[in-house]
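K.L.:
Okay, handing you the structure first.
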Amino acid sequence: MSLPGTCQCAVMDAFNRPLALREFPLPERLEPGELIVEVDLSGICGTDVHLHKGQLAIPLPLILGHETTGRIAALGDSGATDFVGRPLRIGDRIAFTVGRTCRSCRYCRVYRLPSRCEKRSAYGVNISCRQAPHLLGGYGQYHFLYADTAVFRLPDDLPSEAVVGAGCALVTAIHGFEKLAMQWAESVVIQGAGPVGLAALAIAKEAGARPLIVVGGPRDRLERCRRFGADLTIDIDEVPDPDARRRLVLDATGGIGADVVVECVGIPNAVAEGWDLCRDGGKYLVLGHYGDAGPTMLNPHVITRKELTVLGTWGSEPQHWITSLEFLRTRRDAYPFHELITHRFSLAQANEALAAVADWQTGKAVIVPNGQA
Ligand SMILES: [Zn+2]
Ligand SMILES: [Zn+2]
């Protein structure tokens with residue numbers, strides 16, 4: 001594969017301003033382990049919308065995009081390996097983790113919590129494209145990967161659409177459920193029917209949850225939740241009163257509430273409602289608050305009286321990708337994440353793509369930076 005001298009990327013120079021198409025040179029030389037990837041699909045995550053609105057402190061200019069698949073177009077002289085040590089070759093179709101960790105801080109080494117690495121950075125989120133190698137986000141024709149990136153070769157029977165359709169939500173939910181340590185045949189309530197809610201639902205279903213209940217909206221998202229295996233969906237537009245929703249959950253769980261409730265909405269006051277939906281001795285996982293949506297009123301007495309376990313997880317770690325990709329490959333019929341992609345945009349349409357996601361017009365939107373959208 002011969003590389004062009006330059007390529008195009010959609011660059012965010014300022015918050016709330018249109019992204020601009022810009023040309024960058026491709027690196028002429030790669031160090032050992034470094035890769036250049038020709039991007040085939042770049043997912044648009046709801047987080048991109050928050051980043052574009054300036055809701056997180058990030059450096060600019062920046063190339064957004066942290067849900068990316070592509071083919072290896074170039075690798076450093078002494079080659080590179082995937083996360084499990086197999087050699088990578090030009091033309092391999094891959095996915096990769098966007099989080100970069102230092103592997104030397106206390107969180108990386110002592111607590112084994114790389115998701116909380118003190119020097120953590122992420123492609124497409126907070127690594128500026130100002131300096132070479134520039135190509136550090138998914139909204140571009142090519143993506144540069146540092147040697148410390150965890151790379152996963154995609155099996156031939158796993159379409160890129162499934163990987164990007166599941167996006168960062170599935171690995172995030174896998175991380176959460178690992179900490180939750182759910183037991184088979186527990187009753188589960190998922191709060192939220194967006195990408196993280198749907199991913200949590202798929203994992204809970206696969207883990208044997210019953211009944212499996214989703215509280216959320218709008219209607220078409222709840223329909224999809226039923227397609228993914230929800231036994232009961234409660235539409236917050238049709239049942240706007242939290243007390244009425246609680247009674248529906250009690251009815252479905254033998255009058256006691258759910259063993260497990262998972263928050264996937266990112267709305268602070270959902271937490272108090274979620275505690276009310278737990279049975280005594282139940283577990284509550286907060287998964288949907290990647291953005292800081294502010295404080296809320298909570299009554300700690302509920303935790304004491306109910307002996308609740310309240311948990312949280314942040315992002316994902318490379319090993320969650322192994323679980324995620326194998327899950328997507330083997331269970332694609334039951335959980336058709338590839339069908340979530342409803343809108344495809346060219347790189348020149350990156351602003352339309354962001355706007356469509358911001359307006360909830362789409363299932364999942366992707367940018368196809370090379371070739372036809
Ligand atoms: Zn994301
Ligand atoms: Zn670290």
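The chains in the structure tokens are called A, B, ... from first to last as shown; in each chain the residues are counted from 1, and the ligands are counted from 1 in the order shown.
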Output the neighbourhood of ligand 2 as a list of chain:residue names, that is, all protein and nucleic acid residues with some atom at most 7 Å from the ligand, counting only C-alpha atoms and all ligand atoms.

P.N.:
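So the residues close to ligand 2 are A:Thr101, A:Cys102, A:Arg103, A:Ser104, A:Cys105, A:Arg106, A:Tyr107, A:Cys108, A:Pro114, A:Cys117, A:Glu118, A:Lys119, A:Arg120.
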
K.L.:
Convert the current residue selection to file output with N, CA and C atoms, as a PDB file, in the first residue's frame.

P.N.:
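out_21.pdb was written with the following content:
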ATOM      1  N   THR A 101      -2.199   5.330  28.426  1.00  0.00           N
ATOM      2  CA  THR A 101      -1.848   5.404  29.843  1.00  0.00           C
ATOM      3  C   THR A 101      -0.333   5.362  29.995  1.00  0.00           C
ATOM      4  N   CYS A 102       0.152   5.824  31.184  1.00  0.00           N
ATOM      5  CA  CYS A 102       1.609   5.968  31.355  1.00  0.00           C
ATOM      6  C   CYS A 102       2.274   4.668  31.800  1.00  0.00           C
ATOM      7  N   ARG A 103       1.507   3.765  32.365  1.00  0.00           N
ATOM      8  CA  ARG A 103       2.016   2.481  32.879  1.00  0.00           C
ATOM      9  C   ARG A 103       3.038   2.645  34.003  1.00  0.00           C
ATOM     10  N   SER A 104       3.176   3.849  34.544  1.00  0.00           N
ATOM     11  CA  SER A 104       4.177   4.021  35.597  1.00  0.00           C
ATOM     12  C   SER A 104       3.646   4.772  36.808  1.00  0.00           C
ATOM     13  N   CYS A 105       2.444   5.343  36.744  1.00  0.00           N
ATOM     14  CA  CYS A 105       1.929   6.078  37.902  1.00  0.00           C
ATOM     15  C   CYS A 105       1.354   5.089  38.922  1.00  0.00           C
ATOM     16  N   ARG A 106       0.971   5.611  40.072  1.00  0.00           N
ATOM     17  CA  ARG A 106       0.455   4.766  41.139  1.00  0.00           C
ATOM     18  C   ARG A 106      -0.817   4.020  40.705  1.00  0.00           C
ATOM     19  N   TYR A 107      -1.669   4.712  39.928  1.00  0.00           N
ATOM     20  CA  TYR A 107      -2.915   4.058  39.500  1.00  0.00           C
ATOM     21  C   TYR A 107      -2.629   2.944  38.489  1.00  0.00           C
ATOM     22  N   CYS A 108      -1.668   3.179  37.595  1.00  0.00           N
ATOM     23  CA  CYS A 108      -1.324   2.136  36.622  1.00  0.00           C
ATOM     24  C   CYS A 108      -0.655   0.952  37.314  1.00  0.00           C
ATOM     25  N   PRO A 114      -5.859   1.409  35.328  1.00  0.00           N
ATOM     26  CA  PRO A 114      -5.351   2.278  34.258  1.00  0.00           C
ATOM     27  C   PRO A 114      -6.389   3.272  33.750  1.00  0.00           C
ATOM     28  N   CYS A 117      -5.481   6.418  35.246  1.00  0.00           N
ATOM     29  CA  CYS A 117      -4.079   6.848  35.092  1.00  0.00           C
ATOM     30  C   CYS A 117      -3.975   8.369  35.236  1.00  0.00           C
ATOM     31  N   GLU A 118      -2.963   8.817  35.991  1.00  0.00           N
ATOM     32  CA  GLU A 118      -2.819  10.251  36.234  1.00  0.00           C
ATOM     33  C   GLU A 118      -2.448  11.012  34.965  1.00  0.00           C
ATOM     34  N   LYS A 119      -1.890  10.312  33.975  1.00  0.00           N
ATOM     35  CA  LYS A 119      -1.486  10.988  32.737  1.00  0.00           C
ATOM     36  C   LYS A 119      -2.316  10.509  31.554  1.00  0.00           C
ATOM     37  N   ARG A 120      -3.482   9.971  31.829  1.00  0.00           N
ATOM     38  CA  ARG A 120      -4.312   9.395  30.769  1.00  0.00           C
ATOM     39  C   ARG A 120      -4.665  10.444  29.709  1.00  0.00           C
TER      40      ARG A 120
END

K.L.:
List every residue of chain A that has an atom at most 8 Å from any atom of ligand 1, giving for each one its closest atom pair and the distance in Å to one decimal, counting only C-alpha atoms and all ligand atoms, sorted by chain and then by ascending residue number, as a Markdown table.

P.N.:
| residue | atom | partner | partner_atom_place_in_ligand_line | distance |
| --- | --- | --- | --- | --- |
| A:Ile44 | CA | ligand 1 | 1 (Zn) | 7.7 |
| A:Cys45 | CA | ligand 1 | 1 (Zn) | 4.6 |
| A:Gly46 | CA | ligand 1 | 1 (Zn) | 6.4 |
| A:Thr47 | CA | ligand 1 | 1 (Zn) | 5.3 |
| A:Asp48 | CA | ligand 1 | 1 (Zn) | 7.1 |
| A:His66 | CA | ligand 1 | 1 (Zn) | 6.3 |
| A:Glu67 | CA | ligand 1 | 1 (Zn) | 6.8 |
| A:Gly167 | CA | ligand 1 | 1 (Zn) | 6.7 |
| A:Cys168 | CA | ligand 1 | 1 (Zn) | 4.7 |
| A:Ala169 | CA | ligand 1 | 1 (Zn) | 6.5 |

K.L.:
For A:Phe177, find every residue with an atom within 9 Å (counting only C-alpha atoms), except residues of its own chain fewer than 2 positions away, and show them as a ChimeraX atom specification.

P.N.:
/A:172-175,179-182,200,203-204,285

K.L.:
Which residue is closest to A:Asp241? Choose from A:Val265, A:Val215, A:Leu340, A:Ala355 and count only C-alpha atoms.

P.N.:
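Once distances to A:Asp241 are computed over only C-alpha atoms, the minimum belongs to A:Val215.
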
K.L.:
Could you pull out the helix (DSSP H, G or I) residues of stretch 10-184 of chain A, going by DSSP on the backbone, and write them as an MDAnalysis selection string?

P.N.:
chainID A and resid 46:52 106:109 114:116 160:180

K.L.:
Per residue of stretch 110-215 of chain A within 6 Å of stretch 330-339 of chain A, note the shortest atom pair and the distance in Å to one decimal, counting only C-alpha atoms, and order the rows by chain and increasing residue number, as CSV.

P.N.:
residue,atom,partner,partner_atom,distance
A:Glu161,CA,A:His338,CA,4.8
A:Ala162,CA,A:His338,CA,3.9
A:Gly165,CA,A:His338,CA,5.1
A:Ala166,CA,A:Phe337,CA,5.4

K.L.:
Would you mind listing what lies within 10 Å of A:Ser187 as a list of chain:residue names, with only C-alpha atoms counted and same-chain residues fewer than 2 positions away left out?

P.N.:
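So the residues in contact are A:Met182, A:Gln183, A:Trp184, A:Ala185, A:Val189, A:Ala204, A:Gly208, A:Ala209, A:Arg210, A:Pro211, A:Leu212, A:Ile213, A:Val249, A:Ala252, A:Thr253, A:Gly257, A:Ala258, A:Asp259, A:Val260, A:Val261, A:Cys278, A:Arg279, A:Gly282.
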
K.L.:
Find the residues near A:Pro295: any atom within 10 Å, counting only C-alpha atoms, skip ones fewer than 5 places away on the same chain, and give them as a list in words.

P.N.:
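That gives Ile267, Pro268 and Asn269 of chain A.
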
K.L.:
Just write the chosen residues, C-alpha atoms, as a compact mmCIF listing (two decimals), in the first residue's frame.

P.N.:
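result16.txt was written with the following content:
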# COMPACT_ATOMS: atom_id res chain seq x y z
CA ILE A 267 -29.26 12.75 34.24
CA PRO A 268 -28.47 13.42 37.91
CA ASN A 269 -31.99 12.96 39.32

K.L.:
Env of stretch 128-134 of chain A: 8 Å cut, atoms = only C-alpha atoms, seq-sep filter 3 positions within chain, self excluded. Answer as a ChimeraX atom specification.

P.N.:
/A:24,26-27,59-63,144

K.L.:
Restrict the selected residues to C-alpha atoms and save them as a PDB file, in the first residue's frame.

P.N.:
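Wrote it out as out.pdb, contents follow:
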ATOM      1  CA  PHE A  24      -2.018  17.354   7.075  1.00  0.00           C
ATOM      2  CA  LEU A  26       1.473  11.928   6.756  1.00  0.00           C
ATOM      3  CA  PRO A  27       4.546  11.027   8.845  1.00  0.00           C
ATOM      4  CA  PRO A  59      -6.923  21.292  24.074  1.00  0.00           C
ATOM      5  CA  LEU A  60      -7.603  22.728  20.609  1.00  0.00           C
ATOM      6  CA  PRO A  61      -7.250  22.300  17.685  1.00  0.00           C
ATOM      7  CA  LEU A  62      -8.505  18.738  17.861  1.00  0.00           C
ATOM      8  CA  ILE A  63      -9.633  15.996  15.504  1.00  0.00           C
ATOM      9  CA  PHE A 144      -1.673   7.715  13.538  1.00  0.00           C
TER      10      PHE A 144
END

K.L.:
What is the atom CA of A:Val196 to atom CA of A:Phe96 distance in Å?

P.N.:
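Answer for the atom CA of A:Val196 to atom CA of A:Phe96 separation: 19.0 Å.
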
K.L.:
Looking at only C-alpha atoms, which of A:Ile72, A:Leu19, A:Ile322, A:Val188 is the one that sits closest to A:Leu232?

P.N.:
A:Val188

K.L.:
Which residue, A:Arg221, A:Lys283, A:Arg329, A:Arg22, has the smallest gap to A:Gly312 when you use only C-alpha atoms?

P.N.:
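Closest candidate: A:Lys283.
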
K.L.:
Work out how far atom CA of A:Leu198 is from atom CA of A:Gly291, in Å to one decimal.

P.N.:
18.4 Å

K.L.:
Return as a compact mmCIF listing (two decimals) with N, CA and C atoms, in the first residue's frame the full set of residues in stretch 80-297 of chain A whose backbone-based DSSP assignment is strand (DSSP E).

P.N.:
# COMPACT_ATOMS: atom_id res chain seq x y z
N ARG A 93 -7.30 -5.38 9.05
CA ARG A 93 -8.40 -4.53 9.51
C ARG A 93 -8.39 -4.55 11.03
N ILE A 94 -8.42 -3.38 11.65
CA ILE A 94 -8.23 -3.30 13.10
C ILE A 94 -9.20 -2.33 13.77
N ALA A 95 -9.31 -2.52 15.09
CA ALA A 95 -9.87 -1.51 15.99
C ALA A 95 -8.80 -1.26 17.04
N PHE A 96 -8.98 -0.24 17.84
CA PHE A 96 -7.94 0.06 18.85
C PHE A 96 -8.55 0.84 20.00
N GLY A 99 -7.66 5.22 24.69
CA GLY A 99 -7.03 5.72 25.90
C GLY A 99 -5.55 5.36 25.94
N ARG A 100 -4.71 6.34 26.23
CA ARG A 100 -3.27 6.09 26.40
C ARG A 100 -2.92 6.28 27.86
N SER A 121 -4.59 10.02 28.47
CA SER A 121 -5.05 10.88 27.37
C SER A 121 -5.77 9.98 26.37
N ALA A 122 -6.51 10.58 25.46
CA ALA A 122 -7.29 9.76 24.53
C ALA A 122 -7.34 10.41 23.16
N TYR A 142 -6.73 9.31 7.54
CA TYR A 142 -5.74 8.43 8.17
C TYR A 142 -5.63 8.77 9.65
N HIS A 143 -5.23 7.76 10.44
CA HIS A 143 -5.08 7.91 11.89
C HIS A 143 -3.72 7.39 12.28
N PHE A 144 -2.97 8.16 13.03
CA PHE A 144 -1.67 7.72 13.54
C PHE A 144 -1.87 7.03 14.88
N LEU A 145 -1.16 5.92 15.11
CA LEU A 145 -1.20 5.25 16.42
C LEU A 145 0.19 5.17 17.01
N VAL A 151 -4.00 -2.57 20.07
CA VAL A 151 -4.59 -2.77 18.74
C VAL A 151 -5.21 -4.16 18.68
N PHE A 152 -6.37 -4.28 18.02
CA PHE A 152 -7.08 -5.56 17.91
C PHE A 152 -7.36 -5.83 16.44
N ARG A 153 -6.86 -6.96 15.96
CA ARG A 153 -7.15 -7.34 14.58
C ARG A 153 -8.58 -7.87 14.52
N VAL A 188 -33.06 -7.21 36.60
CA VAL A 188 -32.24 -6.04 36.26
C VAL A 188 -33.11 -4.94 35.67
N VAL A 189 -32.91 -3.73 36.14
CA VAL A 189 -33.51 -2.54 35.52
C VAL A 189 -32.39 -1.72 34.90
N ILE A 190 -32.56 -1.37 33.62
CA ILE A 190 -31.64 -0.45 32.96
C ILE A 190 -32.36 0.89 32.85
N GLN A 191 -31.74 1.94 33.38
CA GLN A 191 -32.31 3.29 33.22
C GLN A 191 -31.66 3.93 32.00
N LEU A 212 -35.82 -8.53 32.68
CA LEU A 212 -34.91 -7.47 32.24
C LEU A 212 -35.78 -6.30 31.79
N ILE A 213 -35.67 -5.21 32.53
CA ILE A 213 -36.60 -4.08 32.37
C ILE A 213 -35.83 -2.83 31.95
N VAL A 214 -36.35 -2.09 30.99
CA VAL A 214 -35.74 -0.82 30.60
C VAL A 214 -36.71 0.31 30.91
N VAL A 215 -36.22 1.33 31.59
CA VAL A 215 -37.00 2.55 31.83
C VAL A 215 -36.36 3.64 31.00
N GLY A 216 -37.08 4.17 30.01
CA GLY A 216 -36.46 5.20 29.16
C GLY A 216 -37.36 5.64 28.04
N LEU A 232 -39.56 -6.11 29.52
CA LEU A 232 -40.53 -5.05 29.79
C LEU A 232 -39.85 -3.71 29.54
N THR A 233 -40.54 -2.81 28.84
CA THR A 233 -40.02 -1.45 28.70
C THR A 233 -41.04 -0.49 29.28
N ILE A 234 -40.55 0.50 29.99
CA ILE A 234 -41.42 1.51 30.59
C ILE A 234 -41.05 2.86 29.96
N ASP A 235 -42.00 3.43 29.21
CA ASP A 235 -41.77 4.65 28.46
C ASP A 235 -41.97 5.86 29.39
N ALA A 258 -35.71 -4.47 42.01
CA ALA A 258 -34.74 -5.24 41.21
C ALA A 258 -33.48 -5.56 42.00
N ASP A 259 -32.88 -6.71 41.68
CA ASP A 259 -31.58 -7.07 42.28
C ASP A 259 -30.51 -6.08 41.87
N VAL A 260 -30.59 -5.64 40.60
CA VAL A 260 -29.56 -4.78 40.01
C VAL A 260 -30.24 -3.66 39.23
N VAL A 261 -29.78 -2.42 39.44
CA VAL A 261 -30.25 -1.30 38.62
C VAL A 261 -29.02 -0.61 38.05
N VAL A 262 -29.06 -0.32 36.74
CA VAL A 262 -27.91 0.28 36.07
C VAL A 262 -28.33 1.63 35.48
N GLU A 263 -27.65 2.67 35.90
CA GLU A 263 -27.95 4.03 35.42
C GLU A 263 -27.19 4.27 34.12
N CYS A 278 -34.30 -0.37 43.39
CA CYS A 278 -33.51 -1.51 43.90
C CYS A 278 -34.25 -2.20 45.03
N ARG A 279 -34.10 -3.51 45.11
CA ARG A 279 -34.58 -4.22 46.30
C ARG A 279 -33.60 -3.98 47.45
N ASP A 280 -33.99 -4.32 48.66
CA ASP A 280 -33.07 -4.24 49.79
C ASP A 280 -31.89 -5.18 49.50
N GLY A 281 -30.68 -4.70 49.77
CA GLY A 281 -29.49 -5.51 49.51
C GLY A 281 -29.09 -5.53 48.04
N GLY A 282 -29.75 -4.71 47.22
CA GLY A 282 -29.46 -4.70 45.79
C GLY A 282 -28.21 -3.89 45.45
N LYS A 283 -27.91 -3.87 44.14
CA LYS A 283 -26.73 -3.15 43.67
C LYS A 283 -27.15 -2.08 42.67
N TYR A 284 -26.47 -0.94 42.74
CA TYR A 284 -26.74 0.17 41.83
C TYR A 284 -25.45 0.61 41.16
N LEU A 285 -25.42 0.56 39.85
CA LEU A 285 -24.22 0.93 39.08
C LEU A 285 -24.47 2.23 38.33
N VAL A 286 -23.61 3.22 38.55
CA VAL A 286 -23.69 4.50 37.83
C VAL A 286 -22.72 4.44 36.65

K.L.:
Out of A:Ile90, A:Leu158, A:Leu113, A:Leu56, which residue has the shortest atom-to-atom distance to A:Val37 when counting only C-alpha atoms?

P.N.:
A:Ile90
